[in-house]
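J.: Could you have a look at this structure, given as structure tokens, before my questions?
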There are 4 protein chains.
Amino acid sequence: MAKQVTLEAAERIIEVCKRKAEELGQPMCIAVVDGGANLVAFVRMDDSLLVAADIAVKKALTATEFRMDTRQLTSLVQPGAPLYGIEAATGGRLVVFGGGTPLTDEDGRVVGGVGVSGGSVEQDQEVAAAGAAAF
Amino acid sequence: MAKQVTLEAAERIIEVCKRKAEELGQPMCIAVVDGGANLVAFVRMDDSLLVAADIAVKKALTATEFRMDTRQLTSLVQPGAPLYGIEAATGGRLVVFGGGTPLTDEDGRVVGGVGVSGGSVEQDQEVAAAGAAAF
Amino acid sequence: MAKQVTLEAAERIIEVCKRKAEELGQPMCIAVVDGGANLVAFVRMDDSLLVAADIAVKKALTATEFRMDTRQLTSLVQPGAPLYGIEAATGGRLVVFGGGTPLTDEDGRVVGGVGVSGGSVEQDQEVAAAGAAAF
Amino acid sequence: MAKQVTLEAAERIIEVCKRKAEELGQPMCIAVVDGGANLVAFVRMDDSLLVAADIAVKKALTATEFRMDTRQLTSLVQPGAPLYGIEAATGGRLVVFGGGTPLTDEDGRVVGGVGVSGGSVEQDQEVAAAGAAAF
């Protein structure tokens with residue numbers, strides 16, 4: 001059977017992300033969703049920004065719903081770019097900067113996503129990438 | 001009696017759009033609304049992006065409410081342009097890039113709209129135009 | 001592979017529901033969602049109640065999220081019953097009367113739902129049951 | 001320093017709840033919030049009801065905001081009872097049946113809450129109580 005985002009897989013991803021965030025010395029929120037864009041697991045590390053909780057979940061959702069890294073959306077939504085204005089149309093559940101990464105099975109199909117928030121966009125991306133690699 | 005977006009008409013439009021999307025090798029979501037901006041029919045083709053469902057419906061709504069192709073809105077909503085910021089004022093139901101096309105009766109009156117999402121903006125437009133032409 | 005709610009399956013379910021609704025002489029809205037509670041297909045039959053569109057979708061969602069027929073919820077949410085007040089907690093996406101039925105695969109697992117609205121609750125139930133049986 | 005709902009504490013609570021749910025043979029969603037009613041950790045066990053995710057979080061919030069077990073609210077919100085209608089006034093974030101339990105520090109102050117959903121109300125309560133006891 002194709003790889004899926006079970007709770008066990010989600011907890012392993014979160015564990016890797018937490019260790020990476022600790023290395024960076026930056027508390028973060030980490031969320032994992034499955035292929036139907038439903039939350040599987042979430043943690044808020046002590047002292048992470050309050051706003052990061054919501055953003056982490058939405059990064060995971062965005063990466064899953066668009067099947068792309070959230071940082072790829074950044075250039076697409078600028079004034080004059082093809083998807084300018086899409087945030088408004090998606091009811092506030094879209095994050096258009098880095099930190100959300102899709103999770104893919106052995107055939108390259110997107111079966112979920114991991115979202116990280118709490119540090120700089122670059123730090124969030126690095127932690128999300130570590131989590132996705134652990135899947 | 002003037003042409004209307006009956007379910008039969010909506011299903012014919014969707015059928016044409018599906019065939020076009022298959023030609024392009026791109027799974028899409030397709031929505032048809034009537035002149036009162038109420039959903040008449042919707043399909044999500046297998047493997048289309050999750051985010052496309054919501055966007056397809058909103059493209060159909062936007063084309064109907066503005067009585068114009070959604071791509072005509074793109075230049076109007078850029079920073080400095082006349083309708084800059086209108087997405088916020090319309091509560092998240094507006095899409096301002098291509099893929100939504102009005103459906104017109106024999107007198108040129110807008111009696112509904114078709115919205116397509118799931119490919120590039122150009123692909124979405126092409127499929128929506130094929131659907132509108134079939135009305 | 002286990003049975004899934006593909007678009008083809010959803011269209012077959014809707015076709016059966018439409019025929020049943022025509023037999024009853026009652027225009028209805030019919031929605032089918034997949035196991036992740038995402039909309040796969042929807043139709044509004046001509047002359048069906050406007051309010052029925054939203055209710056049909058929410059019945060399909062409720063049957064999927066609770067893995068039970070929506071009419072089974074009716075007694076559970078009455079004053080004094082175990083789930084009294086749950087509608088408020090679920091943000092207006094819950095329907096607690098008949099017309100929503102889960103779709104199950106060959107192992108009895110819920111892999112989606114069909115929701116029907118537009119007639120009496122009994123009529124809606126009958127049409128939804130016919131659709132689920134066709135899956 | 002007074003006991004707080006750190007991530008470490010939340011993970012220990014969730015671990016105890018998971019083991020209890022496994023004993024009952026019932027997959028559940030488990031959420032832990034801190035004294036500010038902010039989510040600290042969440043897990044959705046494989047095969048748990050989709051609707052349970054949202055309800056688990058809201059049970060934890062309700063227990064924290066009211067500083068009481070959610071089942072104590074049940075009698076207070078019935079028709080004719082003092083808090084009848086409070087769900088509407090709280091904008092859909094309130095659960096008024098069992099499964100949410102406050103977390104208290106050594107002085108008996110409420111410093112957070114645990115919410116459990118996915119089984120019968122009695123099962124949810126039992127699992128939440130086990131989690132609170134582990135704090």
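Residues in the structure tokens are named by chain (A, B, ... in the order shown) and by number from 1 within that chain; ligands are numbered from 1 in the order shown.
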Can I have chain B aligned to chain A? Use a least-squares fit on all Cα atoms paired in order and write it out as a short mmCIF file (atom, residue, chain, number, x, y, z; two decimals) with C-alpha atoms, in the first residue's frame.

T.:
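Generated file (selection13.cif):
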data_model
loop_
_atom_site.label_atom_id
_atom_site.label_comp_id
_atom_site.auth_asym_id
_atom_site.auth_seq_id
_atom_site.Cartn_x
_atom_site.Cartn_y
_atom_site.Cartn_z
CA MET B 1 0.11 -0.01 0.01
CA ALA B 2 1.21 3.53 -0.70
CA LYS B 3 2.81 5.49 2.09
CA GLN B 4 0.34 7.54 4.15
CA VAL B 5 0.47 10.20 6.83
CA THR B 6 -0.40 8.02 9.80
CA LEU B 7 -0.12 9.43 13.31
CA GLU B 8 3.09 7.44 13.73
CA ALA B 9 4.57 9.10 10.64
CA ALA B 10 3.39 12.53 11.77
CA GLU B 11 4.96 12.08 15.19
CA ARG B 12 8.27 11.06 13.61
CA ILE B 13 8.21 14.14 11.36
CA ILE B 14 7.44 16.39 14.33
CA GLU B 15 10.24 14.81 16.37
CA VAL B 16 12.76 15.57 13.60
CA CYS B 17 11.44 19.13 13.25
CA LYS B 18 11.66 19.73 17.00
CA ARG B 19 15.27 18.56 17.11
CA LYS B 20 16.14 20.83 14.17
CA ALA B 21 14.41 23.80 15.82
CA GLU B 22 16.33 23.14 19.03
CA GLU B 23 19.59 23.10 17.07
CA LEU B 24 18.64 26.51 15.66
CA GLY B 25 17.78 27.68 19.17
CA GLN B 26 14.38 28.82 17.95
CA PRO B 27 11.10 27.57 19.46
CA MET B 28 8.55 26.78 16.75
CA CYS B 29 5.09 25.44 16.07
CA ILE B 30 4.89 22.36 13.86
CA ALA B 31 1.81 20.90 12.14
CA VAL B 32 1.29 17.83 9.98
CA VAL B 33 -1.81 17.26 7.83
CA ASP B 34 -2.83 14.27 5.73
CA GLY B 35 -3.81 14.07 2.05
CA GLY B 36 -7.34 15.21 2.82
CA ALA B 37 -5.87 18.38 4.39
CA ASN B 38 -6.95 17.29 7.86
CA LEU B 39 -4.72 17.94 10.87
CA VAL B 40 -2.96 14.79 12.14
CA ALA B 41 -0.60 16.22 14.76
CA PHE B 42 0.49 19.58 16.12
CA VAL B 43 2.94 20.85 18.73
CA ARG B 44 3.76 24.30 20.06
CA MET B 45 7.25 24.35 21.55
CA ASP B 46 7.54 26.30 24.81
CA ASP B 47 8.05 30.04 24.28
CA SER B 48 7.20 30.00 20.58
CA LEU B 49 5.30 33.01 19.21
CA LEU B 50 1.54 32.83 19.73
CA VAL B 51 0.85 33.72 16.10
CA ALA B 52 2.98 30.78 14.95
CA ALA B 53 0.38 28.15 15.91
CA ASP B 54 -2.18 29.28 13.39
CA ILE B 55 0.41 29.96 10.68
CA ALA B 56 2.05 26.53 11.05
CA VAL B 57 -1.26 24.74 10.50
CA LYS B 58 -2.09 26.91 7.49
CA LYS B 59 1.33 26.33 5.93
CA ALA B 60 0.75 22.58 6.13
CA LEU B 61 -2.70 23.01 4.58
CA THR B 62 -1.42 25.29 1.82
CA ALA B 63 1.41 22.92 0.85
CA THR B 64 -1.09 20.06 0.66
CA GLU B 65 -3.84 21.89 -1.19
CA PHE B 66 -1.43 23.36 -3.77
CA ARG B 67 0.89 20.32 -3.84
CA MET B 68 3.87 22.64 -3.71
CA ASP B 69 6.23 24.21 -1.24
CA THR B 70 4.62 27.37 0.15
CA ARG B 71 7.68 29.42 -0.85
CA GLN B 72 6.91 28.61 -4.50
CA LEU B 73 3.70 30.59 -4.06
CA THR B 74 5.53 33.76 -3.02
CA SER B 75 6.36 34.97 -6.52
CA LEU B 76 2.98 33.88 -7.88
CA VAL B 77 0.97 36.14 -5.58
CA GLN B 78 2.86 39.43 -5.96
CA PRO B 79 1.09 42.40 -7.59
CA GLY B 80 0.92 41.68 -11.32
CA ALA B 81 1.68 37.95 -10.94
CA PRO B 82 -0.79 35.21 -12.01
CA LEU B 83 -2.26 34.39 -8.59
CA TYR B 84 -2.31 37.92 -7.17
CA GLY B 85 -5.24 38.12 -4.74
CA ILE B 86 -5.75 34.38 -4.26
CA GLU B 87 -5.43 34.73 -0.47
CA ALA B 88 -8.70 36.61 -0.37
CA ALA B 89 -10.42 33.98 -2.51
CA THR B 90 -9.38 31.17 -0.20
CA GLY B 91 -10.92 32.62 2.91
CA GLY B 92 -7.89 33.15 5.09
CA ARG B 93 -6.44 29.64 5.09
CA LEU B 94 -3.54 30.28 2.69
CA VAL B 95 0.08 31.11 3.55
CA VAL B 96 2.20 32.38 0.68
CA PHE B 97 5.72 32.36 2.12
CA GLY B 98 8.13 29.59 3.04
CA GLY B 99 7.73 27.03 5.82
CA GLY B 100 5.15 24.62 4.35
CA THR B 101 6.30 21.55 2.45
CA PRO B 102 4.33 18.72 0.84
CA LEU B 103 4.83 15.12 1.94
CA THR B 104 5.11 12.71 -1.01
CA ASP B 105 4.83 8.93 -1.25
CA GLU B 106 7.22 6.64 -3.19
CA ASP B 107 5.47 7.54 -6.47
CA GLY B 108 5.87 11.27 -5.87
CA ARG B 109 2.19 11.77 -5.07
CA VAL B 110 1.41 14.41 -2.44
CA VAL B 111 -0.17 12.64 0.55
CA GLY B 112 0.01 15.47 3.10
CA GLY B 113 2.08 18.40 4.29
CA VAL B 114 4.19 19.74 7.11
CA GLY B 115 4.04 23.38 8.24
CA VAL B 116 6.49 25.19 10.49
CA SER B 117 6.34 28.70 11.96
CA GLY B 118 8.08 30.67 14.70
CA GLY B 119 11.48 31.64 13.29
CA SER B 120 12.54 33.59 10.23
CA VAL B 121 11.05 32.37 6.97
CA GLU B 122 14.40 30.74 6.12
CA GLN B 123 14.53 28.92 9.47
CA ASP B 124 10.94 27.74 9.10
CA GLN B 125 11.75 26.39 5.63
CA GLU B 126 14.83 24.57 6.86
CA VAL B 127 12.90 22.87 9.66
CA ALA B 128 9.99 21.94 7.38
CA ALA B 129 12.40 20.47 4.82
CA ALA B 130 14.04 18.35 7.53
CA GLY B 131 10.64 17.07 8.56
CA ALA B 132 9.57 16.26 5.00
CA ALA B 133 12.86 14.42 4.38
CA ALA B 134 12.15 12.24 7.42
CA PHE B 135 8.85 11.03 5.94
#

J.: List every residue of chain C that DSSP, applied to the backbone, labels as strand (DSSP E or B), and write the result as a ChimeraX atom specification.

T.: /C:29-34,39-44,100-104,110-117

J.: Any chance you could list, as an NGL selection string, the residues in chain B that come up helix (DSSP H, G or I) when DSSP is run on the backbone?

T.: :B and (7-24 or 51-66 or 70-77 or 86-89 or 121-133)
